[in-house]
Every structure is written in C-alpha cells, then in structure tokens.
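Asker: Below is the file start_3.txt, which contains compact mmCIF, C-alpha atoms.
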```txt
# COMPACT_ATOMS: atom_id res chain seq x y z
CA MET L 1 40.90 -85.53 -25.33
CA LYS L 2 40.80 -88.90 -23.63
CA ASP L 3 43.78 -90.17 -25.67
CA ASP L 4 46.20 -87.50 -24.48
CA GLY L 5 47.34 -89.71 -21.60
CA LEU L 6 46.65 -87.15 -18.89
CA ASP L 7 43.68 -88.90 -17.29
CA PRO L 8 45.79 -91.20 -15.06
CA LEU L 9 47.64 -88.15 -13.74
CA PHE L 10 44.38 -86.33 -12.98
CA GLU L 11 42.96 -89.44 -11.34
CA ARG L 12 46.00 -89.74 -9.08
CA ALA L 13 46.06 -86.00 -8.28
CA LYS L 14 42.39 -86.12 -7.21
CA CYS L 15 43.39 -88.39 -4.33
CA ALA L 16 45.81 -85.78 -2.97
CA ARG L 17 45.03 -84.66 0.56
CA ILE L 18 43.50 -81.21 0.49
CA SER L 19 44.99 -79.03 3.17
CA PRO L 20 42.23 -77.83 5.50
CA ILE L 21 40.98 -74.31 4.99
CA ALA L 22 42.72 -72.11 7.51
CA PRO L 23 40.42 -70.19 9.87
CA LEU L 24 39.80 -66.52 9.27
CA PRO L 25 43.03 -64.66 10.20
CA ALA L 26 42.72 -62.63 13.38
CA GLY L 27 41.55 -59.09 12.70
CA PHE L 28 40.87 -59.79 9.01
CA ALA L 29 37.12 -59.10 9.21
CA ASP L 30 37.76 -55.92 11.24
CA ARG L 31 40.30 -54.70 8.69
CA ILE L 32 37.94 -55.29 5.77
CA ALA L 33 34.97 -53.68 7.56
CA ALA L 34 37.09 -50.67 8.56
CA ARG L 35 38.46 -50.23 5.04
CA TYR L 36 34.95 -50.47 3.60
CA GLN L 37 33.66 -47.83 6.05
CA PHE L 38 36.65 -45.62 5.18
CA GLU L 39 35.92 -46.08 1.48
CA LEU L 40 32.25 -45.14 2.05
CA ARG L 41 33.26 -41.98 3.93
CA ARG L 42 35.74 -41.09 1.19
CA GLN L 43 33.04 -41.52 -1.46
CA LYS L 44 30.61 -39.36 0.54
CA THR L 45 33.24 -36.63 0.94
CA ALA L 46 34.06 -36.78 -2.78
CA ALA L 47 30.34 -36.56 -3.64
CA ARG L 48 29.90 -33.57 -1.30
CA ALA L 49 32.95 -31.87 -2.79
CA SER L 50 31.69 -32.36 -6.33
CA ILE L 51 28.22 -31.02 -5.39
CA LEU L 52 29.88 -27.96 -3.83
CA SER L 53 32.06 -27.33 -6.87
CA VAL L 54 29.10 -27.70 -9.24
CA SER L 55 27.08 -25.27 -7.07
CA ALA L 56 29.96 -22.78 -7.05
CA ALA L 57 30.27 -23.06 -10.81
CA LEU L 58 26.51 -22.45 -11.18
CA VAL L 59 26.67 -19.34 -8.94
CA ILE L 60 29.59 -17.92 -10.96
CA PHE L 61 27.81 -18.68 -14.22
CA ALA L 62 24.59 -17.02 -12.98
CA ALA L 63 26.56 -13.94 -11.89
CA ILE L 64 28.22 -13.64 -15.30
CA VAL L 65 24.90 -14.06 -17.12
CA THR L 66 23.19 -11.46 -14.89
CA PHE L 67 26.05 -9.00 -15.40
CA ASN L 68 25.88 -9.46 -19.18
CA LEU L 69 22.07 -9.09 -19.22
CA ASN L 70 22.35 -5.81 -17.31
CA ALA L 71 24.95 -4.63 -19.76
CA ILE L 72 22.73 -5.52 -22.74
CA THR L 73 19.56 -3.91 -21.33
CA SER L 74 21.32 -0.60 -20.45
CA TRP L 75 23.26 -0.47 -23.70
CA GLY L 76 21.02 2.12 -25.45
CA ALA L 77 21.33 4.78 -22.72
CA ASP L 78 25.00 4.50 -21.90
CA ASP L 79 26.38 4.03 -25.34
CA GLN L 80 25.02 7.28 -26.83
CA ASP L 81 27.29 8.64 -29.52
CA PRO L 82 29.50 11.39 -27.86
CA VAL L 83 29.19 13.58 -30.98
CA ASP L 84 25.39 13.73 -30.52
CA TYR L 85 25.87 14.52 -26.83
CA VAL L 86 28.30 17.42 -27.59
CA ALA L 87 25.93 18.73 -30.24
CA GLN L 88 23.05 18.70 -27.77
CA VAL L 89 25.12 20.60 -25.20
CA VAL L 90 26.54 23.19 -27.63
CA TRP L 91 23.40 23.75 -29.69
CA ASP L 92 19.90 24.31 -28.45
CA SER L 93 16.95 22.35 -29.79
CA ALA L 94 16.21 25.03 -32.36
CA GLY L 95 19.70 24.59 -33.83
CA ASN L 96 21.14 27.90 -32.61
CA MET X 1 22.83 -69.46 6.87
CA ALA X 2 19.70 -69.19 4.77
CA GLU X 3 19.53 -66.89 1.76
CA ASP X 4 16.98 -64.71 3.62
CA GLU X 5 19.45 -64.14 6.44
CA ILE X 6 22.17 -63.23 3.94
CA LEU X 7 19.82 -60.78 2.24
CA SER X 8 19.03 -59.06 5.54
CA LEU X 9 22.77 -58.95 6.29
CA ILE X 10 23.39 -57.34 2.89
CA LYS X 11 20.69 -54.78 3.62
CA ARG X 12 22.43 -53.85 6.86
CA VAL X 13 25.83 -53.64 5.14
CA ARG X 14 24.32 -51.31 2.54
CA ASN X 15 23.22 -49.09 5.45
CA SER X 16 26.85 -48.87 6.63
CA ASP X 17 26.44 -51.28 9.54
CA GLU X 18 30.03 -52.22 10.47
CA ALA X 19 29.02 -55.27 12.53
CA ALA X 20 27.06 -56.63 9.56
CA SER X 21 30.10 -56.07 7.32
CA LYS X 22 32.20 -58.18 9.69
CA SER X 23 29.57 -60.93 9.75
CA LEU X 24 29.45 -60.98 5.96
CA VAL X 25 33.25 -61.32 5.78
CA GLU X 26 33.16 -64.19 8.29
CA ARG X 27 30.34 -65.86 6.35
CA MET X 28 31.94 -65.60 2.89
CA TYR X 29 35.59 -66.21 3.85
CA PRO X 30 35.55 -70.04 3.37
CA THR X 31 34.04 -69.70 -0.12
CA ILE X 32 36.54 -67.06 -1.17
CA ILE X 33 39.66 -68.66 0.32
CA ARG X 34 38.78 -71.97 -1.40
CA ILE X 35 38.62 -70.24 -4.79
CA VAL X 36 41.81 -68.26 -4.11
CA ARG X 37 43.71 -71.42 -3.12
CA ASN X 38 42.62 -73.25 -6.24
CA HIS X 39 43.91 -70.41 -8.38
CA LEU X 40 47.15 -69.78 -6.53
CA PRO X 41 48.94 -73.11 -6.32
CA ARG X 42 52.03 -71.56 -4.77
CA ARG X 43 50.03 -69.93 -1.95
CA GLU X 44 51.53 -66.53 -2.64
CA ALA X 45 49.79 -63.38 -1.42
CA GLU X 46 46.71 -65.36 -0.45
CA GLU X 47 45.50 -62.90 2.17
CA ASP X 48 46.12 -59.86 -0.04
CA LEU X 49 44.06 -61.36 -2.82
CA CYS X 50 41.27 -62.27 -0.37
CA GLN X 51 41.26 -58.68 0.85
CA GLU X 52 41.08 -57.37 -2.73
CA ILE X 53 38.12 -59.67 -3.45
CA PHE X 54 36.25 -58.58 -0.32
CA LEU X 55 36.75 -54.90 -1.09
CA LYS X 56 35.52 -55.45 -4.64
CA LEU X 57 32.56 -57.39 -3.26
CA PHE X 58 31.61 -54.58 -0.87
CA SER X 59 32.02 -51.88 -3.49
CA LYS X 60 29.72 -53.80 -5.88
CA LEU X 61 27.22 -54.85 -3.24
CA ARG X 62 24.65 -52.30 -4.41
CA GLN X 63 24.66 -54.04 -7.81
CA PHE X 64 23.54 -57.37 -6.32
CA ARG X 65 19.96 -57.91 -7.49
CA ALA X 66 19.27 -61.23 -5.71
CA ASP X 67 18.47 -62.89 -9.06
CA MET X 68 20.96 -65.66 -8.18
CA PRO X 69 22.24 -67.12 -4.91
CA PHE X 70 24.58 -64.68 -3.19
CA GLU X 71 27.31 -67.32 -3.02
CA HIS X 72 27.30 -67.65 -6.84
CA TRP X 73 27.56 -63.89 -7.18
CA VAL X 74 30.49 -63.82 -4.75
CA SER X 75 32.16 -66.74 -6.56
CA ARG X 76 32.01 -64.87 -9.87
CA ILE X 77 33.70 -61.83 -8.35
CA ALA X 78 36.33 -64.06 -6.72
CA VAL X 79 37.00 -66.08 -9.89
CA ASN X 80 37.29 -63.00 -12.10
CA THR X 81 39.58 -61.25 -9.60
CA CYS X 82 41.83 -64.33 -9.42
CA ILE X 83 41.97 -64.61 -13.21
CA ASP X 84 42.82 -60.89 -13.50
CA HIS X 85 45.51 -61.35 -10.85
CA LEU X 86 47.08 -64.23 -12.78
CA ARG X 87 46.87 -62.28 -16.04
CA LYS X 88 48.80 -59.43 -14.46
CA GLN X 89 51.55 -61.83 -13.40
CA LYS X 90 52.03 -63.00 -17.00
CA VAL X 91 54.24 -65.88 -15.88
CA ARG X 92 54.80 -68.35 -18.69
CA PRO X 93 57.51 -70.59 -17.29
CA GLU X 94 59.82 -72.64 -19.43
CA PHE X 95 59.74 -76.17 -18.13
CA ARG X 96 62.93 -78.13 -17.75
CA TRP X 97 63.16 -81.76 -16.83
CA SER X 98 65.53 -80.92 -13.97
CA ASP X 99 62.88 -78.67 -12.31
CA PHE X 100 60.84 -81.71 -11.33
CA THR X 101 61.36 -84.07 -8.42
CA ALA X 102 62.56 -87.61 -9.08
CA GLU X 103 59.03 -88.92 -8.46
CA GLN X 104 57.57 -86.38 -10.89
CA GLU X 105 60.19 -87.25 -13.51
CA ALA X 106 59.15 -90.89 -13.17
CA MET X 107 55.50 -89.91 -13.59
CA LEU X 108 56.30 -87.89 -16.69
CA ASP X 109 58.23 -90.88 -18.05
CA ASN X 110 55.21 -93.08 -17.44
CA LEU X 111 52.90 -90.60 -19.13
CA LYS X 112 55.13 -90.18 -22.17
CA ASN X 113 55.57 -93.91 -22.64
CA SER X 114 52.61 -95.91 -21.49
CA ALA X 115 50.09 -93.46 -20.03
CA ILE X 116 49.76 -95.74 -17.03
CA LEU X 117 50.79 -94.58 -13.60
CA PRO X 118 51.98 -97.29 -11.22
CA PRO X 119 49.90 -97.29 -8.01
CA GLU X 120 52.85 -96.38 -5.80
CA ARG X 121 53.02 -92.87 -7.27
CA SER X 122 52.12 -90.28 -4.65
CA PRO X 123 48.89 -88.31 -5.19
CA GLU X 124 50.48 -85.19 -3.65
CA GLU X 125 53.38 -85.38 -6.13
CA ALA X 126 50.88 -85.86 -8.96
CA ARG X 127 48.91 -82.83 -7.79
CA ASP X 128 52.06 -80.74 -7.54
CA LEU X 129 53.14 -81.88 -11.01
CA ILE X 130 49.78 -80.85 -12.48
CA ASP X 131 49.96 -77.48 -10.68
CA ARG X 132 53.42 -76.89 -12.15
CA LEU X 133 52.41 -77.90 -15.66
CA MET X 134 49.27 -75.78 -15.48
CA GLN X 135 51.42 -72.68 -14.96
CA GLY X 136 51.99 -72.88 -18.70
CA LEU X 137 48.26 -72.34 -19.35
CA LYS X 138 46.25 -69.15 -19.50
CA PRO X 139 44.53 -68.29 -16.20
CA ASP X 140 41.04 -69.12 -17.49
CA GLU X 141 42.27 -72.44 -18.94
CA ARG X 142 43.93 -73.28 -15.64
CA ALA X 143 40.74 -72.52 -13.74
CA VAL X 144 38.51 -74.59 -16.02
CA ILE X 145 40.90 -77.59 -16.08
CA ASN X 146 41.08 -77.44 -12.31
CA TRP X 147 37.31 -77.41 -11.86
CA LEU X 148 36.59 -79.98 -14.54
CA HIS X 149 39.31 -82.56 -13.98
CA LEU X 150 40.35 -82.11 -10.36
CA GLU X 151 37.25 -80.88 -8.57
CA GLU X 152 34.95 -82.85 -10.89
CA LYS X 153 32.56 -79.97 -11.36
CA SER X 154 30.04 -80.19 -14.20
CA ILE X 155 29.95 -77.73 -17.10
CA ALA X 156 26.71 -76.31 -15.64
CA GLU X 157 28.37 -75.74 -12.27
CA ILE X 158 31.31 -73.96 -13.93
CA CYS X 159 28.85 -71.78 -15.85
CA ASP X 160 27.17 -70.85 -12.53
CA LEU X 161 30.53 -70.14 -10.97
CA THR X 162 31.83 -67.93 -13.74
CA GLY X 163 28.82 -66.61 -15.64
CA TRP X 164 30.32 -67.95 -18.89
CA SER X 165 28.32 -69.86 -21.50
CA ALA X 166 28.60 -73.65 -21.72
CA SER X 167 30.22 -73.46 -25.15
CA LYS X 168 32.85 -71.02 -23.87
CA VAL X 169 33.68 -73.34 -20.97
CA LYS X 170 33.96 -76.32 -23.34
CA VAL X 171 36.26 -74.44 -25.73
CA ILE X 172 38.49 -73.24 -22.88
CA ALA X 173 38.65 -76.77 -21.44
CA PHE X 174 39.53 -78.26 -24.83
CA ARG X 175 42.27 -75.71 -25.51
CA GLY X 176 43.67 -76.02 -21.99
CA ARG X 177 43.86 -79.76 -22.15
CA GLN X 178 45.49 -79.64 -25.60
CA LYS X 179 48.09 -77.20 -24.32
CA LEU X 180 48.75 -79.30 -21.23
CA SER X 181 49.27 -82.34 -23.39
CA SER X 182 51.67 -80.50 -25.69
CA ILE X 183 53.63 -79.20 -22.65
CA VAL X 184 54.12 -82.80 -21.51
CA LYS X 185 55.10 -83.90 -25.03
CA ARG X 186 57.61 -81.06 -25.40
CA LEU X 187 59.38 -81.93 -22.14
CA GLU X 188 62.66 -83.66 -22.84
CA LYS X 189 65.32 -85.09 -20.57
```
Starting from the coordinates I provided, produce the structure as structure tokens.

Answerer:
Amino acid sequence: MKDDGLDPLFERAKCARISPIAPLPAGFADRIAARYQFELRRQKTAARASILSVSAALVIFAAIVTFNLNAITSWGADDQDPVDYVAQVVWDSAGN
Amino acid sequence: MAEDEILSLIKRVRNSDEAASKSLVERMYPTIIRIVRNHLPRREAEEDLCQEIFLKLFSKLRQFRADMPFEHWVSRIAVNTCIDHLRKQKVRPEFRWSDFTAEQEAMLDNLKNSAILPPERSPEEARDLIDRLMQGLKPDERAVINWLHLEEKSIAEICDLTGWSASKVKVIAFRGRQKLSSIVKRLEK
C-alpha cells in the first residue's frame, strides 16, 4: 500500500504534539471502587435470593411427593368398594 | 510496579478490599486513558468510557489467570470495549471538501496530485485530517491503522494488545488503508 500516497500524511501526523495524559479525575477511583463493591453486594444478594428460592422450591416439591406417597400407600384401605362395605354390614359372614 | 505487586493487589481486590480496588484504578488509569484517547479522536465521553472499562475489568478479574502480563490483559479489555463503543455509534460520515480547514484542503490537494507534503504543513492539522478521514473506517480498521502507522507499533505488539492473530491484523490493516485511500480519492472540491 506504499503507492497510495498516504505515507507523507502519516509521517507528518506522527510529529503532532500529543496532549499530556490528564491526571486521574478527583474521586474517580473512589467512584469505581464504590460501584464495584456495590456490584459485589448486589451479586451476593442475588445469589442468596436464588439459593433461598431453590430451597423453597425443593421443600414444596418434597411436600408434594410425600403427600402423594402417603396417598398411594394407603390407597388399598381407603378406596374399598362401597358396595362390598354395605354387603359386609347388611349380611353376616355366613351370607345370612 | 512489578507484576508480583500487581498480582498481590489483584488478590486483595478479589477479597473485596476497597483500598486495593482504588490502588488498581490509580495504577491502570494511564494505560486505559491512553487507549481510550486513541480510539475517541473527538474526546467525547472519555470518562464514561473509562468507567465502563474499569467496571468490566473488575467484573472479569476472577477470569485473569496470570498467563500474560496484567497490562496486556487490561489493554485487551479496553480495546474491545472501545471498538464495541464505536460500533454502537455507527457513524459513517459523508465527507465534503468544505468540512476541512484551508490547511487540510491544501494537504488533500497535495496528496491527490503529487503525494508530497510541503514541510510547512502543520503536524497537528495532518493528525486532525487523518482522524477525520478515519471516521469513515470500521472501528477495528481505525484502531489498527492508528497503531501501525501513527504509533508505529509492530504487528506482534498489536497482536499482544488485541489478542488477534497476525494474519487478522494484516488483513484489517490492508483493508483499512485501502478504504482510507479511496476516501481521499473520492473527495472532490
């Protein structure tokens, strides 16, 4: 790309005075450090909240599973056919 | 400050030490502001961009593995944030002859005709002209042209600064320079 004629312009621009780097603005470091600390606290709170919600979800899930297991294990006794029950009450074991 | 000192500072920052965070900002500010200035020729929102870079730096600090100098790692974050910032702006100005100063018009005349700049041409005007013309380039092209032709960085140094491969840097530089040349050619009185 040396024949594009831009080299003299670059050469001249390189001699331009570079403005000195301004010192750190007052309070800039404090602002950044404070925002970072705030961000850390926010992340910790969010993590805690998500742990709590997962725990709550697990407790609810465990309660539902336990309730359903109880229902399944006691199914035979409670769900006796009412016709059989009436027959047992009305008739004695000998069928009288 | 030696790399060991920086590493111990980073360790303290990771443990939420606010004083260490401030020291790290003070230590890295010159590196970051230099990169920001080179990417923002019009000096707009310099401090905001610096702040954005520092917050990104702190949020990614746990990812720093010390497999490269910390300053290189910081430079990569700063460069990528600046390039993203310029991409968001999406400014592709149309250049008109009348937008340039009389001195810049004379320089453009010289470039279009003889490619020789008379010695009386001001370096500051030349720098400003290049900054204006480079607004027509993509952010990554602008950055590479700036490093390569104005800051005289080597390809290897640019690779360190950006994390890009040498061939990518060369391709970007070639395209950028071609575009810059065509911008100058397209300019008409």

Asker: Please, what distance in Å, to one decimal, runs between CA of Glu47 (chain X) and CA of Arg87 (chain X)?

Answerer: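 Calculated distance between CA of Glu47 (chain X) and CA of Arg87 (chain X) is 18.3 Å.
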
Asker: Within 10 Å of region 39-44 of chain L, counting only C-alpha atoms, which residues show up once you throw out same-chain ones fewer than 6 positions away? Write them as a PyMOL selection string, please.

Answerer: (chain L and resi 33+50) or (chain X and resi 16+55+58-59)

Asker: Can you work out which residues from chain X touch chain L at a cut-off of 7 Å (counting only C-alpha atoms) and hand them back as an MDAnalysis selection string?

Answerer: chainID X and resid 16 18 21:22 25:26 29 51 55 58 111 115:117 123:124 126:127 149:150 181

Asker: Please compute the CA of Ile83 (chain X)-CA of Val13 (chain X) distance, one decimal, in Å.

Answerer: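 Computed distance, CA of Ile83 (chain X) to CA of Val13 (chain X), equals 26.8 Å.
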
Asker: Which residue is closest to Asp140 (chain X)? Choose from X:Ile32, X:Leu86, X:Ala166, X:Ile183 and count only C-alpha atoms.

Answerer: X:Leu86

Asker: Just give me the gap between CA of Leu58 (chain L) and CA of Ala71 (chain L) in Å, one decimal is fine.

Answerer: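 Those two atoms sit 19.8 Å apart.
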
Asker: Pick the closest to Arg34 (chain X) from X:Trp97, X:Phe64, X:Trp147, X:Ala2: which is it, counting only C-alpha atoms?

Answerer: X:Trp147
